[in-house]
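Below is coords34.txt, holding compact mmCIF, C-alpha atoms and all ligand atoms.
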```
# COMPACT_ATOMS: atom_id res chain seq x y z
CA MET A 1 0.00 0.00 0.00
CA ASN A 2 1.53 3.30 -1.08
CA PHE A 3 0.62 6.72 0.30
CA HIS A 4 1.61 9.73 -1.82
CA VAL A 5 1.21 12.97 0.11
CA LEU A 6 1.07 16.39 -1.55
CA THR A 7 2.08 18.90 1.09
CA LEU A 8 3.95 22.11 1.90
CA PHE A 9 5.56 20.35 4.88
CA PRO A 10 7.05 17.06 3.69
CA ASP A 11 9.36 16.81 6.74
CA LEU A 12 6.38 16.72 9.05
CA ILE A 13 4.87 13.76 7.18
CA GLU A 14 8.14 11.88 6.84
CA MET A 15 9.15 12.38 10.47
CA GLY A 16 5.69 11.52 11.74
CA CYS A 17 5.56 8.22 9.85
CA ARG A 18 9.11 7.07 10.47
CA THR A 19 8.68 5.81 14.06
CA SER A 20 7.16 2.78 15.81
CA ILE A 21 4.75 0.50 13.95
CA LEU A 22 4.53 2.64 10.80
CA GLY A 23 8.31 2.97 10.60
CA ARG A 24 8.68 -0.79 10.86
CA ALA A 25 5.94 -1.35 8.28
CA MET A 26 7.87 0.90 5.88
CA GLU A 27 11.18 -0.85 6.56
CA ASN A 28 9.54 -4.21 5.92
CA GLY A 29 7.90 -3.01 2.72
CA TYR A 30 4.25 -3.34 3.77
CA ILE A 31 3.59 0.36 3.20
CA SER A 32 5.41 3.29 1.67
CA VAL A 33 4.87 6.98 2.43
CA THR A 34 6.30 9.58 0.08
CA ALA A 35 5.78 13.28 0.55
CA THR A 36 5.97 15.62 -2.43
CA ASN A 37 6.66 19.26 -1.68
CA ILE A 38 4.14 21.41 -3.55
CA ARG A 39 6.51 24.36 -3.19
CA ASP A 40 8.99 22.62 -5.52
CA PHE A 41 6.43 23.16 -8.27
CA ALA A 42 6.07 26.93 -7.84
CA GLU A 43 6.80 28.91 -10.97
CA ASN A 44 8.39 31.93 -9.35
CA LYS A 45 11.82 32.28 -7.80
CA HIS A 46 10.41 32.94 -4.32
CA GLY A 47 8.65 29.58 -4.24
CA ARG A 48 5.33 31.28 -3.60
CA VAL A 49 2.33 28.96 -3.86
CA ASP A 50 -0.47 31.04 -2.31
CA ASP A 51 -2.26 34.32 -2.99
CA TYR A 52 -5.06 36.56 -1.75
CA PRO A 53 -8.63 35.32 -2.16
CA TYR A 54 -10.70 36.82 -4.97
CA GLY A 55 -13.60 38.75 -3.47
CA GLY A 56 -11.55 39.73 -0.42
CA GLY A 57 -11.50 38.16 3.02
CA ALA A 58 -8.90 36.96 5.48
CA GLY A 59 -5.86 34.80 4.77
CA LEU A 60 -4.28 33.25 1.73
CA VAL A 61 -5.41 30.52 -0.62
CA MET A 62 -3.19 27.82 -2.16
CA GLN A 63 -2.95 28.29 -5.93
CA PRO A 64 -4.07 25.53 -8.30
CA GLY A 65 -1.01 25.42 -10.62
CA PRO A 66 1.65 24.14 -8.18
CA ILE A 67 -0.75 21.51 -6.82
CA GLU A 68 -1.61 20.29 -10.31
CA ARG A 69 2.07 20.00 -11.29
CA ALA A 70 2.94 18.23 -8.03
CA TYR A 71 0.06 15.81 -8.64
CA GLN A 72 1.16 15.14 -12.23
CA ALA A 73 4.65 14.28 -10.97
CA VAL A 74 3.16 11.73 -8.56
CA ARG A 75 0.71 10.42 -11.13
CA GLU A 76 3.48 9.51 -13.54
CA LYS A 77 4.71 7.00 -10.95
CA ILE A 78 1.35 5.33 -10.29
CA PRO A 79 -0.06 2.97 -12.88
CA GLY A 80 -3.84 2.99 -13.44
CA SER A 81 -6.59 4.80 -11.60
CA HIS A 82 -6.37 5.84 -7.97
CA ARG A 83 -8.24 7.90 -5.42
CA VAL A 84 -7.15 11.44 -4.54
CA ILE A 85 -8.22 12.43 -1.04
CA TYR A 86 -8.40 16.07 0.03
CA LEU A 87 -8.18 16.39 3.81
CA THR A 88 -10.73 19.06 4.68
CA PRO A 89 -13.02 19.90 7.60
CA GLN A 90 -15.81 19.95 5.00
CA GLY A 91 -15.37 16.27 4.10
CA LYS A 92 -17.02 13.03 5.20
CA VAL A 93 -15.96 12.27 8.75
CA PHE A 94 -13.26 9.59 8.84
CA SER A 95 -14.18 6.28 10.49
CA GLN A 96 -12.89 2.77 11.04
CA SER A 97 -15.06 1.45 8.20
CA MET A 98 -13.56 4.08 5.87
CA ALA A 99 -10.07 3.00 6.98
CA GLU A 100 -10.94 -0.64 6.20
CA GLU A 101 -12.26 0.33 2.77
CA LEU A 102 -9.26 2.52 1.88
CA ALA A 103 -6.81 -0.21 2.94
CA ARG A 104 -7.92 -2.21 -0.13
CA GLU A 105 -6.48 0.45 -2.49
CA PRO A 106 -2.92 -0.08 -3.77
CA ASP A 107 -2.21 3.67 -3.94
CA LEU A 108 -3.74 6.69 -2.24
CA VAL A 109 -2.89 10.31 -3.04
CA LEU A 110 -3.49 12.67 -0.11
CA LEU A 111 -3.71 16.43 -0.59
CA CYS A 112 -2.98 18.61 2.45
CA GLY A 113 -4.29 22.17 2.42
CA HIS A 114 -2.93 25.08 4.43
CA TYR A 115 -3.79 28.73 5.14
CA GLU A 116 -7.43 29.40 4.23
CA GLY A 117 -7.54 26.33 2.02
CA VAL A 118 -7.16 25.49 -1.65
CA ASP A 119 -8.43 27.06 -4.88
CA GLU A 120 -11.68 25.25 -5.67
CA ARG A 121 -10.79 24.59 -9.32
CA ILE A 122 -7.94 22.19 -8.55
CA LEU A 123 -10.19 20.33 -6.13
CA GLU A 124 -12.75 19.92 -8.92
CA ARG A 125 -10.06 18.70 -11.29
CA ILE A 126 -8.26 16.07 -9.25
CA VAL A 127 -10.05 15.17 -5.99
CA THR A 128 -12.18 12.02 -5.73
CA ASP A 129 -12.88 12.06 -1.95
CA ASN A 130 -13.14 14.76 0.71
CA VAL A 131 -12.26 13.49 4.18
CA SER A 132 -12.43 15.26 7.55
CA ILE A 133 -10.97 13.93 10.79
CA GLY A 134 -13.62 15.70 12.88
CA ASP A 135 -15.66 18.81 13.38
CA TYR A 136 -12.88 21.22 14.25
CA VAL A 137 -10.47 23.28 12.14
CA LEU A 138 -6.71 22.66 12.12
CA THR A 139 -4.04 24.85 10.56
CA GLY A 140 -3.13 22.29 7.89
CA GLY A 141 -3.95 18.89 6.40
CA GLU A 142 -0.71 17.20 7.52
CA LEU A 143 -1.95 15.92 10.90
CA PRO A 144 -5.21 14.67 9.32
CA ALA A 145 -3.17 12.93 6.59
CA MET A 146 -1.06 11.21 9.25
CA VAL A 147 -4.18 10.16 11.15
CA LEU A 148 -5.53 8.60 7.96
CA ILE A 149 -2.21 6.92 7.09
CA ASP A 150 -1.93 5.45 10.59
CA ALA A 151 -5.48 4.10 10.73
CA VAL A 152 -5.39 2.72 7.17
CA SER A 153 -1.94 1.14 7.57
CA ARG A 154 -3.08 -0.87 10.60
CA MET A 155 -5.61 -2.54 8.29
CA VAL A 156 -2.93 -3.57 5.77
CA GLU A 157 -1.99 -7.21 6.14
CA GLY A 158 1.39 -7.70 7.80
CA VAL A 159 1.57 -4.26 9.46
CA LEU A 160 0.35 -5.49 12.85
CA HIS A 161 2.10 -8.60 14.10
CA ASN A 162 -1.14 -9.96 15.42
CA GLN A 163 -3.87 -9.20 12.85
CA ASP A 164 -6.47 -10.38 15.39
CA SER A 165 -5.92 -7.24 17.38
CA ALA A 166 -7.28 -5.09 14.53
CA GLU A 167 -10.30 -7.34 14.26
CA ILE A 168 -11.44 -7.13 17.84
CA GLU A 169 -10.63 -3.51 18.47
CA SER A 170 -13.02 -0.66 19.13
CA PHE A 171 -15.36 0.24 16.22
CA HIS A 172 -14.61 -2.92 14.24
CA ASP A 173 -18.16 -4.16 14.73
CA ASN A 174 -19.61 -0.98 16.20
CA LEU A 175 -18.67 -1.95 19.74
CA LEU A 176 -15.97 -0.44 21.93
CA GLU A 177 -13.26 -2.80 23.06
CA TYR A 178 -13.41 -4.43 26.52
CA PRO A 179 -10.99 -3.22 29.26
CA GLN A 180 -7.43 -4.59 29.16
CA TYR A 181 -5.19 -5.61 32.07
CA THR A 182 -1.57 -6.69 32.41
CA ARG A 183 0.88 -7.43 35.27
CA PRO A 184 0.89 -6.91 38.21
CA GLU A 185 -2.13 -8.93 39.30
CA VAL A 186 -2.77 -6.45 42.14
CA TYR A 187 -2.01 -2.77 41.64
CA GLU A 188 -2.54 -0.33 44.50
CA GLY A 189 -5.02 -2.79 46.01
CA MET A 190 -6.93 -3.19 42.72
CA ARG A 191 -7.20 -6.78 41.49
CA VAL A 192 -7.41 -7.91 37.88
CA PRO A 193 -10.94 -9.34 37.33
CA GLU A 194 -10.90 -12.97 38.52
CA VAL A 195 -12.31 -14.40 35.29
CA LEU A 196 -9.21 -13.27 33.34
CA LEU A 197 -7.03 -15.44 35.58
CA SER A 198 -9.29 -18.47 35.32
CA GLY A 199 -7.91 -19.83 32.03
CA HIS A 200 -11.53 -20.61 31.04
CA HIS A 201 -11.64 -19.27 27.47
CA ALA A 202 -15.39 -19.37 26.94
CA ASN A 203 -16.02 -17.46 30.17
CA ILE A 204 -13.33 -14.93 29.29
CA GLU A 205 -14.87 -14.40 25.85
CA ARG A 206 -18.34 -13.91 27.37
CA TRP A 207 -17.03 -11.49 30.01
CA ARG A 208 -15.25 -9.44 27.35
CA ARG A 209 -18.34 -9.31 25.17
CA GLU A 210 -20.44 -8.13 28.11
CA GLN A 211 -17.89 -5.46 28.99
CA SER A 212 -17.90 -4.27 25.37
CA LEU A 213 -21.68 -4.07 25.35
CA GLU A 214 -21.84 -2.24 28.65
CA ARG A 215 -19.24 0.39 27.86
CA THR A 216 -20.56 0.99 24.35
CA LEU A 217 -24.03 1.57 25.74
CA ARG A 218 -22.66 3.86 28.44
CA TRP A 219 -20.17 5.89 26.35
CA ARG A 220 -21.25 5.56 22.72
CA PRO A 221 -24.92 4.51 22.60
CA ASP A 222 -25.08 5.83 19.01
CA LEU A 223 -22.79 2.95 17.94
CA LEU A 224 -24.96 0.23 19.46
CA GLU A 225 -27.78 1.07 17.05
CA LYS A 226 -25.55 -0.19 14.22
CA ALA A 227 -24.04 -3.18 16.06
CA GLU A 228 -25.16 -6.71 15.33
CA LEU A 229 -26.42 -8.02 18.67
CA THR A 230 -27.18 -11.64 19.43
CA GLY A 231 -30.12 -12.79 21.54
CA GLU A 232 -27.66 -13.45 24.36
CA ASP A 233 -26.34 -9.86 24.09
CA ARG A 234 -29.85 -8.40 24.35
CA GLU A 235 -30.68 -10.67 27.29
CA TYR A 236 -27.54 -9.52 29.11
CA LEU A 237 -28.32 -5.84 28.56
CA ALA A 238 -31.94 -6.32 29.63
CA LYS A 239 -30.78 -8.13 32.79
CA LYS A 240 -28.67 -5.08 33.59
CA GLY A 241 -31.70 -2.86 33.02
CA LEU A 242 -30.11 -1.48 29.86
CA GLN A 243 -32.55 -1.27 26.99
CA VAL A 244 -31.43 -1.27 23.34
CA GLU A 245 -33.81 -0.50 20.49
N1 LIG B 301 -11.13 27.71 5.36
C1 LIG B 301 -11.30 26.28 5.43
C2 LIG B 301 -12.74 25.93 5.81
O1 LIG B 301 -13.36 26.70 6.54
O2 LIG B 301 -13.22 24.88 5.39
C3 LIG B 301 -10.38 25.67 6.50
C4 LIG B 301 -8.94 25.74 6.11
S1 LIG B 301 -7.87 25.03 7.32
C5 LIG B 301 -7.42 26.43 8.25
C6 LIG B 301 -6.43 24.65 6.41
C7 LIG B 301 -6.31 23.23 5.94
O3 LIG B 301 -6.25 22.37 7.06
C8 LIG B 301 -7.45 22.69 5.09
O4 LIG B 301 -7.27 23.03 3.74
C9 LIG B 301 -7.35 21.20 5.33
O5 LIG B 301 -6.44 20.58 4.44
C10 LIG B 301 -6.80 21.10 6.75
N2 LIG B 301 -7.80 20.79 7.78
C11 LIG B 301 -8.20 21.60 8.79
N3 LIG B 301 -9.09 21.00 9.58
C12 LIG B 301 -9.26 19.75 9.11
C13 LIG B 301 -10.07 18.65 9.52
N4 LIG B 301 -10.89 18.70 10.55
N5 LIG B 301 -10.00 17.52 8.79
C14 LIG B 301 -9.19 17.43 7.70
N6 LIG B 301 -8.41 18.45 7.27
C15 LIG B 301 -8.45 19.60 7.95
```
Mind turning the file's structure into structure tokens?
Amino acid sequence: MNFHVLTLFPDLIEMGCRTSILGRAMENGYISVTATNIRDFAENKHGRVDDYPYGGGAGLVMQPGPIERAYQAVREKIPGSHRVIYLTPQGKVFSQSMAEELAREPDLVLLCGHYEGVDERILERIVTDNVSIGDYVLTGGELPAMVLIDAVSRMVEGVLHNQDSAEIESFHDNLLEYPQYTRPEVYEGMRVPEVLLSGHHANIERWRREQSLERTLRWRPDLLEKAELTGEDREYLAKKGLQVE
């Protein structure tokens, strides 16, 4: 899986992706992340890539020409069709299911805006998807691009040592994950739940499922509406006095 990022701050992307699990995934060839500096495609000697907005108003807008040329340079290296994602607060809000879907693409081009944003005409020409990482405004698209790269990469086979962990994590099936514990068995007088020490796998599985159900209902009831619940799940919630539609 190859990520091609169009940005004014390539160092930020490269540094951010070089460590920990993503860094290892790159070293082992499961993913690649290349950042193309849009400024290298400016046509003036000052490397200027932004200008004042037509119609007036605050801030500067990124010009279409340098972005188009940077994109063409990337495009020459990618065979066939591919999606071009503009990170924008106006886009569809990013989710685990979107990460799972995007992980099936061989190449993704990510466009990071800055300043007041990007000239609309280049967005119309090259962008296939608009993606937001949440209802707040950041100064640039680099952090959102890294969020997307991280979440998508975890879904790429081989990136996580234990692929199971991606499959039982929060949001995978619209449930939050159960609580986790590790050594020591007693910490500041607080014991690890007895069932986890029992070695009884069926009971452990049931306990974890119940914990998932309970915390999803408590913290993210909106998710439960989309979760696939078994009869046993509904019975458990009803027993606890927790009603699900
Ligand atoms: N004026 C724009 C608007 O109101 O929609 C916001 C521009 S923002 C200051 C600069 C850049 O940051 C955007 O072009 C986008 O690439 C990125 N950005 C900011 N917030 C974001 C978010 N929540 N999700 C994804 N990208 C975001």
Would you give me, as a tab-separated table, each residue of chain A having an atom within 7 Å of an atom of ligand LIG 301 (chain B), along with its shortest atom pair and that distance in Å to one decimal, using all atoms listed in the file and sorting by chain and residue number?
```
residue	atom	partner	partner_atom	distance
A:Tyr86	CA	B:LIG301	O5	6.6
A:Leu87	CA	B:LIG301	N6	4.0
A:Thr88	CA	B:LIG301	N6	3.5
A:Pro89	CA	B:LIG301	C13	3.7
A:Gln90	CA	B:LIG301	O2	5.6
A:Cys112	CA	B:LIG301	O5	4.5
A:Gly113	CA	B:LIG301	O5	3.4
A:His114	CA	B:LIG301	C6	4.0
A:Tyr115	CA	B:LIG301	C6	5.0
A:Glu116	CA	B:LIG301	N1	4.2
A:Gly117	CA	B:LIG301	O4	3.7
A:Val118	CA	B:LIG301	O4	5.9
A:Val131	CA	B:LIG301	C14	6.1
A:Ser132	CA	B:LIG301	N5	3.5
A:Ile133	CA	B:LIG301	N5	4.2
A:Gly134	CA	B:LIG301	N4	4.7
A:Asp135	CA	B:LIG301	N4	5.5
A:Tyr136	CA	B:LIG301	N4	4.9
A:Val137	CA	B:LIG301	N3	3.7
A:Leu138	CA	B:LIG301	C11	3.8
A:Thr139	CA	B:LIG301	C5	4.4
A:Gly140	CA	B:LIG301	O3	3.2
A:Gly141	CA	B:LIG301	O5	3.6
A:Pro144	CA	B:LIG301	C14	5.1
```
* Asked: Neighbours of Trp219 in chain A within 12 Å (only C-alpha atoms; same-chain residues fewer than 6 positions away dropped), as a count of residues only?
  -> 6
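Across the structure, CA of Lys226 in chain A and CA of Asp173 in chain A are spaced 8.4 Å apart.
Nearest to Glu43 in chain A of all the residues A:Leu111, A:Val61, A:Val192, A:Ala70 is A:Ala70, based on all atoms listed in the file.
Taking CA of Leu237 in chain A as the reference point, CA of Arg215 in chain A is found at 11.0 Å.
Considering the residues A:Gln96, A:Asn162, A:Asn203, A:Thr216 and counting all atoms listed in the file, Pro179 in chain A has its shortest atom-to-atom contact with A:Thr216.
The interatomic distance for the pair CA of Val84 in chain A and CA of Leu12 in chain A works out to 19.9 Å.
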* Among the residues A:Leu223, A:Met62, A:Ala151, A:Val244, the one that comes closest to Ile21 in chain A [using only C-alpha atoms] -> A:Ala151
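When all atoms listed in the file are used to measure the gap to Met15 in chain A, the shortest distance among A:Glu142, A:Glu232, A:Asp40, A:Glu105 belongs to A:Glu142.
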* Between A:Ala35, A:Met26, A:Ile67, A:Leu160, which is the closest to Asp11 in chain A once you count all atoms listed in the file? -> A:Ala35
* Residue with smallest distance to Lys239 in chain A - pool A:His200, A:Glu194, A:Glu210, A:Ile122, counting only C-alpha atoms -> A:Glu210
* Pick out the residues sitting within 12 Å of range 74-77 of chain A, and hand them over as JSON, numbers by chain; count all atoms listed in the file, and ignore anything fewer than 4 positions along from it in its own chain. => {"A": [2, 3, 4, 5, 6, 34, 35, 36, 37, 38, 41, 67, 68, 69, 70, 81, 82, 83, 84, 107, 108, 109, 110, 111, 126]}
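Every protein or nucleic acid residue with an atom no more than 6 Å from Ile85 in chain A, counting only C-alpha atoms and leaving out same-chain residues fewer than 6 positions away, appears here: Leu110, Val127, Asp129 and Asn130 of chain A.
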